[in-house]
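Student: The structure is given below, and queries will be raised subsequently.
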Protein chains: 2
Amino acid sequence: MLKKERHAYIIKQINLHNKVLSSDLSLQLKVSEDTVRRDLHELAESGKVLKVHGGALSKSFHFPYDHIEIYAQESKREIAKKAISLISEGMIVLTGGGTTMLEMARLIPDTLEATFFTISPLVALELAEKKLLTVIIIGGELSKSSQVNMGSKAVSELSEIRVDLCFLGANGINVKEGISDSDWEVVQVKKAMIRCSAKSVIMCISEKLNSVQKMKVCGLNSIDYLITDIKSTDPRVYAYQSHTKVL
Amino acid sequence: MLKKERHAYIIKQINLHNKVLSSDLSLQLKVSEDTVRRDLHELAESGKVLKVHGGALSKSFHFPYDHIEIYAQESKREIAKKAISLISEGMIVLTGGGTTMLEMARLIPDTLEATFFTISPLVALELAEKKLLTVIIIGGELSKSSQVNMGSKAVSELSEIRVDLCFLGANGINVKEGISDSDWEVVQVKKAMIRCSAKSVIMCISEKLNSVQKMKVCGLNSIDYLITDIKSTDPRVYAYQSHTKVL
DNA sequence: TATAAACCTGCATAAATAAGCAAAATAAAC
DNA sequence: GTTTATTTTGCTTATTTATGCAGGTTTATA
């Protein structure tokens with residue numbers, strides 16, 4: 001069998017099953033695994049497949065969702081970096097949704113080994129790109145507006161876990177009222193998330209500081225860290241320093 | 001034998017078998033391999049064949065990967081349309097992952113009101129685009145390779161629900177063994193999905209028919225509908241007709 | 001942390017190729 | 001019909017390519 005024929009066969013198998021194992025191909029094509037590896041290497045090199053340990057994956061299958069345009073990306077990246085510094089090896093982390101969280105997921109180093117629970121399918125998919133992470137999705141009803149899982153199912157699932165660190169976005173935050181949000185369901189889920197976490201982190205771009213929404217999630221005292229895109233020495237966060245640690 | 005005659009013969013062989021080996025031609029034409037090589041070289045030069053190490057291939061065999069991809073997508077769309085015809089107003093539906101399922105999610109009419117459970121975050125996000133659908137994600141550990149939620153958590157969550165219709169992809173399917181897959185975890189989840197559904201549907205492109213994978217999911221009898229991209233009158237699905245309804 | 005599988009590197013071998021050359025076949029000219 | 005010119009072919013040699021195997025290393029997973 002000619003090399004090109006093997007390549008064609010491999011491509012077909014991948015289109016069919018989304019993945020192939022070198023060992024299977026070696027048997028099917030009746031060539032050594034070395035040869036299969038070389039074939040996969042060549043196909044990967046020319047961008048036809050995605051080579052992984054033990055075989056190869058369909059490329060189109062793996063990155064089907066478009067990259068999302070993020071508003072104020074620089075600020076959010078700043079926040080994400082600070083947030084990541086709080087995560088240490090082996091931690092159990094819980095995250096919400098939102099673009100800041102998505103940016104954080106992207107910036108997590110490939111070398112981090114940790115367990116992530118999340119209520120956001122998008123964040124989950126992004127986290128799944130990191131080889132060493134275990135990603136667990138908290139089930140529930142997917143909210144069309146906020147694209148995170150909510151509802152009683154999500155809340156009850158959250159009540160069954162215990163994590164080291166919880167990352168949350170905030171729609172409203174001020175010193176007096178603490179964290180607030182405009183949607184009752186979101187508030188319930190955020191409360192549940194804080195309840196199951198040893199420490200809670202609020203990530204919030206500076207523009208949102210000192211704003212209030214209709215429903216209260218919790219006071220600033222329940223929050224362990226406040227992360228913004230501005231320096232912790234910036235006068236805009238002075239007032240928060242006495243209630244929580246500001247990064 | 002004249003050179004032109006040899007060329008004609010070679011072209012004929014390639015049209016017949018999609019490939020030729022220099023060594024074979026040398027024997028068949030009773031000329032040295034060098035001559036064959038020169039012939040192939042000329043034919044390649046004038047664009048009639050594709051020369052490769054050891055022989056030559058049909059030009060059309062020079063797999064237009066993109067065409068294959070598009071062709072496959074067309075098939076999947078065909079399947080998706082048939083699948084959607086099974087869903088009626090107000091139904092509770094459960095879906096797996098995979099590109100066919102994703103295509104189906106996209107093609108669901110905006111006017112359909114129904115409840116969808118799914119183990120695939122990608123499918124969930126796609127379904128969430130439809131205003132009238134309720135989308136519920138079955139939680140669990142997100143598999144990096146198949147991008148669906150798996151593990152004991154997913155299985156136990158599935159055991160708590162009851163749905164009207166369940167849509168599954170298949171990695172392997174044949175008449176004798178039924179549905180099979182290559183990953184143990186995937187098999188567990190698929191079994192759980194079938195258990196909680198009143199009726200089960202397998203969606204499978206025709207190329208996958210009559211293939212077997214290492215692990216068995218269930219027999220054909222447990223399946224209520226088999227949907228493929230080919231007509232239900234096609235001889236390739238005859239054998240399946242006696243075990244399940246083929247669309 | 002131990003273990004097996006998968007990996008990479010270099011090497012040996014065999015097959016396929018390219019280049020040069022001379023003999024044979026074919027075509028052209030006389 | 002012979003001679004000459006051109007093309008085609010097969011052979012030799014050197015080079016390249018494809019493949020499998022041995023070894024040491026990395027990776028996955030229990």
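We label chains A, B, ... in the order they appear in the structure tokens, count residues from 1 in each chain, and number ligands from 1 in the order shown.
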Name the residues in contact with DT17 of chain D at a cut-off of 9 Å, using only C-alpha atoms (C1' of nucleotides), excluding same-chain residues fewer than 2 positions from it; report them as number ranges by chain.

Tutor: B: 53; C: 15-17

Student: Store the residues picked out above, limited to C-alpha atoms (C1' of nucleotides), as a tab-separated table (two decimals), in the first residue's frame.

Tutor:
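Written output follows (part-v8.tsv):
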chain	number	residue	atom	x	y	z
B	53	HIS	CA	6.82	7.08	-4.59
C	15	DA	C1'	13.04	-0.38	-2.48
C	16	DA	C1'	12.39	3.49	-5.60
C	17	DT	C1'	14.41	7.22	-8.04

Student: Could you pull out all residues of segment 29-210 of chain B with a DSSP call of strand (DSSP E or B) and give them as a PDB file with C-alpha atoms, in the first residue's frame?

Tutor:
ATOM      1  CA  VAL B  49      -1.949  11.262 -13.052  1.00  0.00           C
ATOM      2  CA  LEU B  50      -0.497  11.914  -9.630  1.00  0.00           C
ATOM      3  CA  LYS B  51       2.981  10.474  -9.300  1.00  0.00           C
ATOM      4  CA  VAL B  52       3.959   9.131  -5.915  1.00  0.00           C
ATOM      5  CA  GLY B  55       3.650   4.247  -8.497  1.00  0.00           C
ATOM      6  CA  ALA B  56       0.901   6.712  -9.301  1.00  0.00           C
ATOM      7  CA  LEU B  57      -2.593   7.621  -8.172  1.00  0.00           C
ATOM      8  CA  SER B  58      -5.690   8.890  -9.872  1.00  0.00           C
ATOM      9  CA  ILE B  92     -38.660  16.181  26.467  1.00  0.00           C
ATOM     10  CA  VAL B  93     -35.553  15.273  24.483  1.00  0.00           C
ATOM     11  CA  LEU B  94     -32.095  14.062  25.469  1.00  0.00           C
ATOM     12  CA  THR B  95     -29.067  14.419  23.211  1.00  0.00           C
ATOM     13  CA  ALA B 114     -39.516  21.751  23.810  1.00  0.00           C
ATOM     14  CA  THR B 115     -37.179  20.759  26.617  1.00  0.00           C
ATOM     15  CA  PHE B 116     -33.696  19.514  25.776  1.00  0.00           C
ATOM     16  CA  PHE B 117     -31.404  17.700  28.151  1.00  0.00           C
ATOM     17  CA  THR B 118     -27.854  17.290  26.866  1.00  0.00           C
ATOM     18  CA  LEU B 133     -36.329  25.827  24.043  1.00  0.00           C
ATOM     19  CA  THR B 134     -35.543  24.973  27.624  1.00  0.00           C
ATOM     20  CA  VAL B 135     -31.988  23.668  27.768  1.00  0.00           C
ATOM     21  CA  ILE B 136     -30.691  21.650  30.675  1.00  0.00           C
ATOM     22  CA  ILE B 137     -27.119  20.458  30.907  1.00  0.00           C
ATOM     23  CA  GLY B 140     -20.317  15.706  34.998  1.00  0.00           C
ATOM     24  CA  GLU B 141     -16.669  15.567  34.133  1.00  0.00           C
ATOM     25  CA  LEU B 142     -16.005  17.086  30.733  1.00  0.00           C
ATOM     26  CA  ASN B 149     -19.905  15.282  30.188  1.00  0.00           C
ATOM     27  CA  MET B 150     -19.190  11.803  31.433  1.00  0.00           C
ATOM     28  CA  VAL B 163     -37.380  11.664  28.591  1.00  0.00           C
ATOM     29  CA  ASP B 164     -39.499  10.953  25.538  1.00  0.00           C
ATOM     30  CA  LEU B 165     -36.754  10.718  22.975  1.00  0.00           C
ATOM     31  CA  CYS B 166     -33.009  10.266  23.052  1.00  0.00           C
ATOM     32  CA  PHE B 167     -30.647  11.071  20.160  1.00  0.00           C
ATOM     33  CA  LEU B 168     -27.316   9.302  20.039  1.00  0.00           C
ATOM     34  CA  GLY B 169     -24.431   9.129  17.627  1.00  0.00           C
ATOM     35  CA  GLY B 172     -19.702   1.552  15.420  1.00  0.00           C
ATOM     36  CA  ILE B 173     -22.889  -0.145  14.284  1.00  0.00           C
ATOM     37  CA  ASN B 174     -23.660  -3.459  12.682  1.00  0.00           C
ATOM     38  CA  GLY B 178     -25.626  -3.494  17.490  1.00  0.00           C
ATOM     39  CA  ILE B 179     -24.162  -0.234  18.719  1.00  0.00           C
ATOM     40  CA  SER B 180     -20.540  -0.170  19.840  1.00  0.00           C
ATOM     41  CA  ASP B 181     -17.973   2.376  20.916  1.00  0.00           C
ATOM     42  CA  SER B 197     -35.555   7.339  27.410  1.00  0.00           C
ATOM     43  CA  ALA B 198     -38.898   6.037  26.211  1.00  0.00           C
ATOM     44  CA  LYS B 199     -37.523   5.852  22.672  1.00  0.00           C
ATOM     45  CA  SER B 200     -33.964   5.937  21.386  1.00  0.00           C
ATOM     46  CA  VAL B 201     -32.653   7.154  18.049  1.00  0.00           C
ATOM     47  CA  ILE B 202     -29.265   6.380  16.545  1.00  0.00           C
ATOM     48  CA  MET B 203     -27.901   8.891  14.059  1.00  0.00           C
ATOM     49  CA  LEU B 209     -22.660   1.229   8.870  1.00  0.00           C
TER      50      LEU B 209
END

Student: Near DC30 of chain C, within 12 Å and counting only C-alpha atoms (C1' of nucleotides), which residues show up once chain neighbours fewer than 3 positions away are dropped, as a count of residues only?

Tutor: 4

Student: Taking only segment 6-214 of chain B into account, list the residues labelled helix (DSSP H, G or I) by DSSP (computed from the backbone), as a ChimeraX atom specification.

Tutor: /B:6-17,22-29,33-45,59-61,65-84,99-107,121-127,151-158,184-195,206-208

Student: Find the residues around Ile79 of chain B up to 7 Å (only C-alpha atoms (C1' of nucleotides) counted), leave out those fewer than 6 positions away in its own chain, and share them as number ranges by chain.

Tutor: B: 203, 227-229

Student: Residues of the last selection are to be written out with N, CA and C atoms, as an mmCIF file, in the first residue's frame.

Tutor:
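Heads up, here's the output in out21.cif:
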data_model
loop_
_atom_site.group_PDB
_atom_site.id
_atom_site.type_symbol
_atom_site.label_atom_id
_atom_site.label_comp_id
_atom_site.auth_asym_id
_atom_site.auth_seq_id
_atom_site.Cartn_x
_atom_site.Cartn_y
_atom_site.Cartn_z
ATOM 1 N N MET B 203 -28.200 8.120 15.256
ATOM 2 C CA MET B 203 -27.901 8.891 14.059
ATOM 3 C C MET B 203 -26.515 8.495 13.581
ATOM 4 N N ILE B 227 -31.259 6.493 11.945
ATOM 5 C CA ILE B 227 -31.296 7.530 10.916
ATOM 6 C C ILE B 227 -29.948 7.604 10.222
ATOM 7 N N THR B 228 -29.964 7.519 8.905
ATOM 8 C CA THR B 228 -28.730 7.663 8.135
ATOM 9 C C THR B 228 -28.939 8.726 7.060
ATOM 10 N N ASP B 229 -27.874 8.995 6.310
ATOM 11 C CA ASP B 229 -27.979 10.008 5.262
ATOM 12 C C ASP B 229 -28.497 9.432 3.949
#

Student: Which RMSD value, in Å, follows from superposing chain A onto chain B on all C-alpha atoms in order by least squares?

Tutor: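 My reading of the C-alpha RMSD is 17.3 Å.
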
Student: Could you list the residues in chain C lying within 9 Å of chain A, using only C-alpha atoms (C1' of nucleotides), and format the result as a VMD selection string?

Tutor: chain C and resid 5 to 7

Student: Using the selection just defined, write its residues with C-alpha atoms (C1' of nucleotides) as a tab-separated table (two decimals), in the first residue's frame.

Tutor:
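Result saved to result.tsv:
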chain	number	residue	atom	x	y	z
C	5	DA	C1'	2.59	2.40	26.67
C	6	DA	C1'	3.85	5.79	23.49
C	7	DC	C1'	7.52	8.53	21.83

Student: Give as a ChimeraX atom specification every residue of chain D that touches chain A within 10 Å, counting only C-alpha atoms (C1' of nucleotides).

Tutor: /D:18-21,27-28

Student: Rounded to one decimal, what separation in Å do you get between atom CA of Leu220 of chain B and atom CA of Thr244 of chain B?

Tutor: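 Between atom CA of Leu220 of chain B and atom CA of Thr244 of chain B the gap is 6.6 Å.
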
Student: Would you please work out which residue, of C:DA23, C:DT1, C:DT9, C:DA14, is nearest to DG10 of chain D when using only C-alpha atoms (C1' of nucleotides)?

Tutor: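 Closest to DG10 of chain D, using only C-alpha atoms (C1' of nucleotides): C:DA23.
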
Student: Take atom CA of Gly219 of chain B and atom CA of Ala170 of chain B and report the distance between them in Å, one decimal.

Tutor: 12.2 Å

Student: Given the choices B:Val148, B:Met215, B:Ala44, B:Val237, which gets closest to chain A if the distance is worked out from only C-alpha atoms?

Tutor: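 Closest to chain A, using only C-alpha atoms: B:Val148.
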
Student: Could you name the residues that touch DT12 of chain D at 12 Å or less, counting only C-alpha atoms (C1' of nucleotides), but leaving out those on the same chain fewer than 6 positions away, as a list in words?

Tutor: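 In the requested form, the answer reads DA19, DG20, DC21 and DA22 of chain C.
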
Student: Filtering to C-alpha atoms (C1' of nucleotides), could you give me those residues as a PDB file, in the first residue's frame?

Tutor:
ATOM      1  C1'  DA C  19      21.297  10.704 -14.171  1.00  0.00           C
ATOM      2  C1'  DG C  20      24.371   9.288 -17.590  1.00  0.00           C
ATOM      3  C1'  DC C  21      25.380   6.276 -21.288  1.00  0.00           C
ATOM      4  C1'  DA C  22      25.175   2.929 -24.904  1.00  0.00           C
TER       5       DA C  22
END

Student: Name the residues in contact with Lys12 of chain B at a cut-off of 12 Å, using only C-alpha atoms (C1' of nucleotides), excluding same-chain residues fewer than 4 positions from it; report them as a list in words.

Tutor: Glu5, Arg6, His7, Ala8, Leu16, His17, Asn18, Lys19, Val20, Leu25, Lys48, Val49, Leu57 and Ser58 of chain B

Student: Tell me, in Å to one decimal, how far atom CA of Ile84 of chain A is from atom CA of Val246 of chain A.

Tutor: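 Taking atom CA of Ile84 of chain A and atom CA of Val246 of chain A, their separation equals 14.5 Å.
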